[in-house]
Amino acid sequence: MKLRPSRIRQRVRDNQFATTLKINLNDPRVIEIAGLCGVDGVWLCQEHVPNDWTSIENQVRAARLHDIDALVRVSKGSYSDYVRSLEAGAAGIIVPHVESAEEAQQIVEWTRFYPLGKRALDGGNIDGAFCLVPTEDYIKHANEEVTLILQIESPEGLEQVEKIAAVPGVSGIMFGPGDFSHRIGKVGQITDPVVVAGRKRVAAACKANGLFAMTAGLVAPLAELVEEGHSIVNIGADVIGVSSYIQERVQVMEDAINDLPVELKPTTSTAYV
């Protein structure tokens with residue numbers, strides 16, 4: 001029996017770009033739709049989304065069903081907060097608001113097995129095929145195929161990014177332009193030169209240490225992001241897709257009503273006019 005390899009890691013190894021979709025809605029069918037549409041992974045969230053562990057497990061299961069990776073942005077917390085997603089079968093985790101190499105080292109120790117870390121051994125969950133694979137295979141797979149992405153979102157974290165990227169066991173880093181812009185007093189100005197410089201510095205630190213650089217969105221032309229060294233691109237979010245579609249359909253209805261003959265138009269205002 002073989003454990004499932006990471007689709008994202010394989011794409012990057014093949015010198016391809018990997019795509020993810022941010023998921024805010026906790027219905028597993030959204031993940032299934034994303035898989036059917038061809039993304040390489042989904043970015044699940046426990047930091048800003050009210051996901052309980054059962055919801056996360058079901059969403060991860062939906063991703064595995066369609067052979068796409070589930071990356072779970074965990075709640076900032078303890079060892080258990082980080083490994084539960086991995087034991088549920090997530091292909092990796094994203095840890096938000098990392099600000100020092102010491103913190104990065106602690107995260108590696110919690111989430112990597114020996115010799116990289118000190119993660120406690122179980123194997124009785126889906127990530128270890130419910131003890132149906134040899135322990136040595138389970139540990140090797142977890143250390144080589146599970147992705148650990150740290151998120152840099154503050155000036156303090158940015159100042160330490162070169163040291164953070166040098167910590168063995170880290171797979172990649174994602175720059176958070178939204179929170180970073182907020183922290184420097186330029187809320188939402190993700191194209192501000194200071195924010196862009198921060199993004200480029202993170203990508204450069206990743207390149208220098210052989211790590212993945214993940215972008216939270218198409219915050220710049222793809223060619224620019226690729227030149228910087230980004231290989232994992234988040235292409236959008238489910239809530240944005242749903243709201244955009246609804247807005248478009250409402251506009252279609254408004255236009256259709258406006259095109260009606262006068263005798264067929266409503267005589268009182270409606271939701272559309």
# chains A, B, ... in the order shown; residues from 1 in each chain; ligands from 1

$ residues_around --residues "stretch 57-69 of chain A" --least-positions-apart "4" --cutoff "8 Å" --atoms "only C-alpha atoms" --output "PDB file with N, CA and C atoms, in the first residue's frame"
ATOM      1  N   SER A   6       2.005  14.212  -2.591  1.00  0.00           N
ATOM      2  CA  SER A   6       1.488  15.568  -2.734  1.00  0.00           C
ATOM      3  C   SER A   6       1.459  15.978  -4.199  1.00  0.00           C
ATOM      4  N   ARG A   7       0.300  16.403  -4.655  1.00  0.00           N
ATOM      5  CA  ARG A   7       0.166  16.875  -6.036  1.00  0.00           C
ATOM      6  C   ARG A   7       0.905  18.192  -6.234  1.00  0.00           C
ATOM      7  N   ILE A   8       0.823  19.067  -5.238  1.00  0.00           N
ATOM      8  CA  ILE A   8       1.500  20.363  -5.345  1.00  0.00           C
ATOM      9  C   ILE A   8       3.011  20.175  -5.417  1.00  0.00           C
ATOM     10  N   ASN A  26     -17.666  26.008   4.284  1.00  0.00           N
ATOM     11  CA  ASN A  26     -17.185  24.735   4.818  1.00  0.00           C
ATOM     12  C   ASN A  26     -17.950  23.512   4.325  1.00  0.00           C
ATOM     13  N   ASP A  27     -18.683  23.649   3.224  1.00  0.00           N
ATOM     14  CA  ASP A  27     -19.350  22.502   2.628  1.00  0.00           C
ATOM     15  C   ASP A  27     -18.338  21.735   1.777  1.00  0.00           C
ATOM     16  N   PRO A  28     -18.108  20.447   2.042  1.00  0.00           N
ATOM     17  CA  PRO A  28     -17.127  19.676   1.260  1.00  0.00           C
ATOM     18  C   PRO A  28     -17.416  19.655  -0.229  1.00  0.00           C
ATOM     19  N   ARG A  29     -18.669  19.908  -0.612  1.00  0.00           N
ATOM     20  CA  ARG A  29     -18.984  19.903  -2.038  1.00  0.00           C
ATOM     21  C   ARG A  29     -18.270  21.030  -2.780  1.00  0.00           C
ATOM     22  N   ILE A  31     -15.195  21.876  -2.226  1.00  0.00           N
ATOM     23  CA  ILE A  31     -13.890  21.301  -2.525  1.00  0.00           C
ATOM     24  C   ILE A  31     -14.001  20.326  -3.694  1.00  0.00           C
ATOM     25  N   GLU A  32     -15.074  19.563  -3.732  1.00  0.00           N
ATOM     26  CA  GLU A  32     -15.266  18.638  -4.854  1.00  0.00           C
ATOM     27  C   GLU A  32     -15.382  19.401  -6.174  1.00  0.00           C
ATOM     28  N   GLY A  35     -11.986  20.509  -7.212  1.00  0.00           N
ATOM     29  CA  GLY A  35     -11.225  19.401  -7.759  1.00  0.00           C
ATOM     30  C   GLY A  35     -11.648  19.055  -9.172  1.00  0.00           C
ATOM     31  N   LEU A  36     -12.941  19.046  -9.414  1.00  0.00           N
ATOM     32  CA  LEU A  36     -13.448  18.747 -10.752  1.00  0.00           C
ATOM     33  C   LEU A  36     -13.036  19.826 -11.751  1.00  0.00           C
ATOM     34  N   VAL A  39      -8.093  22.504 -10.051  1.00  0.00           N
ATOM     35  CA  VAL A  39      -7.055  23.086  -9.202  1.00  0.00           C
ATOM     36  C   VAL A  39      -6.177  21.977  -8.639  1.00  0.00           C
ATOM     37  N   ASP A  40      -4.977  22.342  -8.205  1.00  0.00           N
ATOM     38  CA  ASP A  40      -4.063  21.365  -7.616  1.00  0.00           C
ATOM     39  C   ASP A  40      -4.272  21.209  -6.119  1.00  0.00           C
ATOM     40  N   GLY A  41      -4.861  22.210  -5.508  1.00  0.00           N
ATOM     41  CA  GLY A  41      -5.073  22.136  -4.070  1.00  0.00           C
ATOM     42  C   GLY A  41      -6.077  23.161  -3.603  1.00  0.00           C
ATOM     43  N   VAL A  42      -6.535  22.971  -2.375  1.00  0.00           N
ATOM     44  CA  VAL A  42      -7.421  23.950  -1.739  1.00  0.00           C
ATOM     45  C   VAL A  42      -6.755  24.428  -0.456  1.00  0.00           C
ATOM     46  N   TRP A  53     -13.196  20.563  13.861  1.00  0.00           N
ATOM     47  CA  TRP A  53     -12.328  19.496  13.364  1.00  0.00           C
ATOM     48  C   TRP A  53     -13.061  18.529  12.456  1.00  0.00           C
ATOM     49  N   SER A  85      -4.649  18.464  11.801  1.00  0.00           N
ATOM     50  CA  SER A  85      -4.932  18.577  10.369  1.00  0.00           C
ATOM     51  C   SER A  85      -4.107  17.569   9.575  1.00  0.00           C
ATOM     52  N   ALA A  88      -5.499  14.182   9.917  1.00  0.00           N
ATOM     53  CA  ALA A  88      -6.751  14.051   9.163  1.00  0.00           C
ATOM     54  C   ALA A  88      -6.494  13.855   7.671  1.00  0.00           C
ATOM     55  N   GLY A  89      -5.213  13.889   7.279  1.00  0.00           N
ATOM     56  CA  GLY A  89      -4.875  13.634   5.884  1.00  0.00           C
ATOM     57  C   GLY A  89      -4.528  14.854   5.073  1.00  0.00           C
ATOM     58  N   ALA A  90      -4.417  16.033   5.707  1.00  0.00           N
ATOM     59  CA  ALA A  90      -4.034  17.230   4.955  1.00  0.00           C
ATOM     60  C   ALA A  90      -2.658  17.041   4.335  1.00  0.00           C
ATOM     61  N   ALA A  91      -2.499  17.589   3.134  1.00  0.00           N
ATOM     62  CA  ALA A  91      -1.208  17.496   2.461  1.00  0.00           C
ATOM     63  C   ALA A  91      -0.198  18.467   3.050  1.00  0.00           C
ATOM     64  N   GLY A  92      -0.678  19.384   3.880  1.00  0.00           N
ATOM     65  CA  GLY A  92       0.229  20.331   4.508  1.00  0.00           C
ATOM     66  C   GLY A  92      -0.534  21.333   5.343  1.00  0.00           C
TER      67      GLY A  92
END

$ residues_around --residues "stretch 130-145 of chain A" --least-positions-apart "5" --cutoff "10 Å" --atoms "only C-alpha atoms" --output "PyMOL selection string"
chain A and resi 1-10+86+91-92+111-117+119+121-125+169+171

$ select_by_dssp --residues "stretch 2-55 of chain A" --states "alpha helix (DSSP H)" --output "list in words"
Arg7, Ile8, Arg9, Gln10, Arg11, Val12, Arg13, Pro28, Arg29, Val30, Ile31, Glu32, Ile33, Ala34, Gly35, Leu36, Cys37, Trp53, Thr54 and Ser55 of chain A

$ write_last_selection --atoms "C-alpha atoms" --output "PDB file, in the first residue's frame"
ATOM      1  CA  ARG A   7       0.166  16.875  -6.036  1.00  0.00           C
ATOM      2  CA  ILE A   8       1.500  20.363  -5.345  1.00  0.00           C
ATOM      3  CA  ARG A   9       4.994  19.120  -4.531  1.00  0.00           C
ATOM      4  CA  GLN A  10       5.016  16.972  -7.663  1.00  0.00           C
ATOM      5  CA  ARG A  11       3.959  19.920  -9.815  1.00  0.00           C
ATOM      6  CA  VAL A  12       6.787  22.020  -8.408  1.00  0.00           C
ATOM      7  CA  ARG A  13       9.293  19.175  -8.801  1.00  0.00           C
ATOM      8  CA  PRO A  28     -17.127  19.676   1.260  1.00  0.00           C
ATOM      9  CA  ARG A  29     -18.984  19.903  -2.038  1.00  0.00           C
ATOM     10  CA  VAL A  30     -17.182  23.185  -2.711  1.00  0.00           C
ATOM     11  CA  ILE A  31     -13.890  21.301  -2.525  1.00  0.00           C
ATOM     12  CA  GLU A  32     -15.266  18.638  -4.854  1.00  0.00           C
ATOM     13  CA  ILE A  33     -16.236  21.317  -7.384  1.00  0.00           C
ATOM     14  CA  ALA A  34     -12.740  22.810  -7.124  1.00  0.00           C
ATOM     15  CA  GLY A  35     -11.225  19.401  -7.759  1.00  0.00           C
ATOM     16  CA  LEU A  36     -13.448  18.747 -10.752  1.00  0.00           C
ATOM     17  CA  CYS A  37     -12.457  22.155 -12.151  1.00  0.00           C
ATOM     18  CA  TRP A  53     -12.328  19.496  13.364  1.00  0.00           C
ATOM     19  CA  THR A  54     -15.113  17.421  11.831  1.00  0.00           C
ATOM     20  CA  SER A  55     -15.580  20.048   9.098  1.00  0.00           C
TER      21      SER A  55
END

$ residues_around --residues "stretch 203-220 of chain A" --least-positions-apart "4" --cutoff "6 Å" --atoms "only C-alpha atoms" --output "ChimeraX atom specification"
/A:162,171-174,229-235

$ closest_residue --among "A:Glu159, A:Glu99, A:Glu224, A:Glu153" --to "A:Pro177" --atoms "only C-alpha atoms"
A:Glu153

$ closest_residue --among "A:Ala101, A:Ala197, A:Ala120, A:Ile152" --to "A:Pro168" --atoms "only C-alpha atoms"
A:Ala101

$ select_by_dssp --residues "stretch 20-189 of chain A" --states "strand (DSSP E)" --output "short mmCIF file (atom, residue, chain, number, x, y, z; two decimals) with C-alpha atoms, in the first residue's frame"
data_model
loop_
_atom_site.label_atom_id
_atom_site.label_comp_id
_atom_site.auth_asym_id
_atom_site.auth_seq_id
_atom_site.Cartn_x
_atom_site.Cartn_y
_atom_site.Cartn_z
CA THR A 20 -4.82 26.57 -5.01
CA LEU A 21 -8.26 27.99 -4.24
CA LYS A 22 -9.01 29.61 -0.87
CA GLY A 41 -5.07 22.14 -4.07
CA VAL A 42 -7.42 23.95 -1.74
CA TRP A 43 -6.45 26.33 1.02
CA LEU A 44 -8.67 25.57 4.01
CA CYS A 45 -8.72 27.87 7.00
CA ASP A 69 -3.99 18.68 -1.88
CA ALA A 70 -5.60 20.24 1.16
CA LEU A 71 -3.45 22.90 2.82
CA VAL A 72 -4.94 23.92 6.17
CA ARG A 73 -4.12 27.32 7.58
CA GLY A 92 0.23 20.33 4.51
CA ILE A 93 -0.41 23.22 6.84
CA ILE A 94 0.04 26.98 6.65
CA VAL A 95 1.06 28.61 9.94
CA THR A 147 4.19 20.62 3.09
CA LEU A 148 4.93 23.11 5.86
CA ILE A 149 4.33 26.70 4.78
CA LEU A 150 4.98 29.62 7.11
CA GLN A 151 3.26 32.95 6.61
CA ILE A 152 5.11 36.27 6.92
CA GLY A 172 7.91 27.24 1.84
CA ILE A 173 6.80 30.71 2.83
CA MET A 174 3.78 32.79 1.88
CA PHE A 175 3.78 36.56 2.18
#

$ atom_distance --atom1 "atom CA of A:Val74" --atom2 "atom CA of A:Val49"
10.3 Å

$ atom_distance --atom1 "atom CA of A:Ile23" --atom2 "atom CA of A:Asp238"
5.5 Å

$ atom_distance --atom1 "atom CA of A:Val108" --atom2 "atom CA of A:Gly236"
28.2 Å
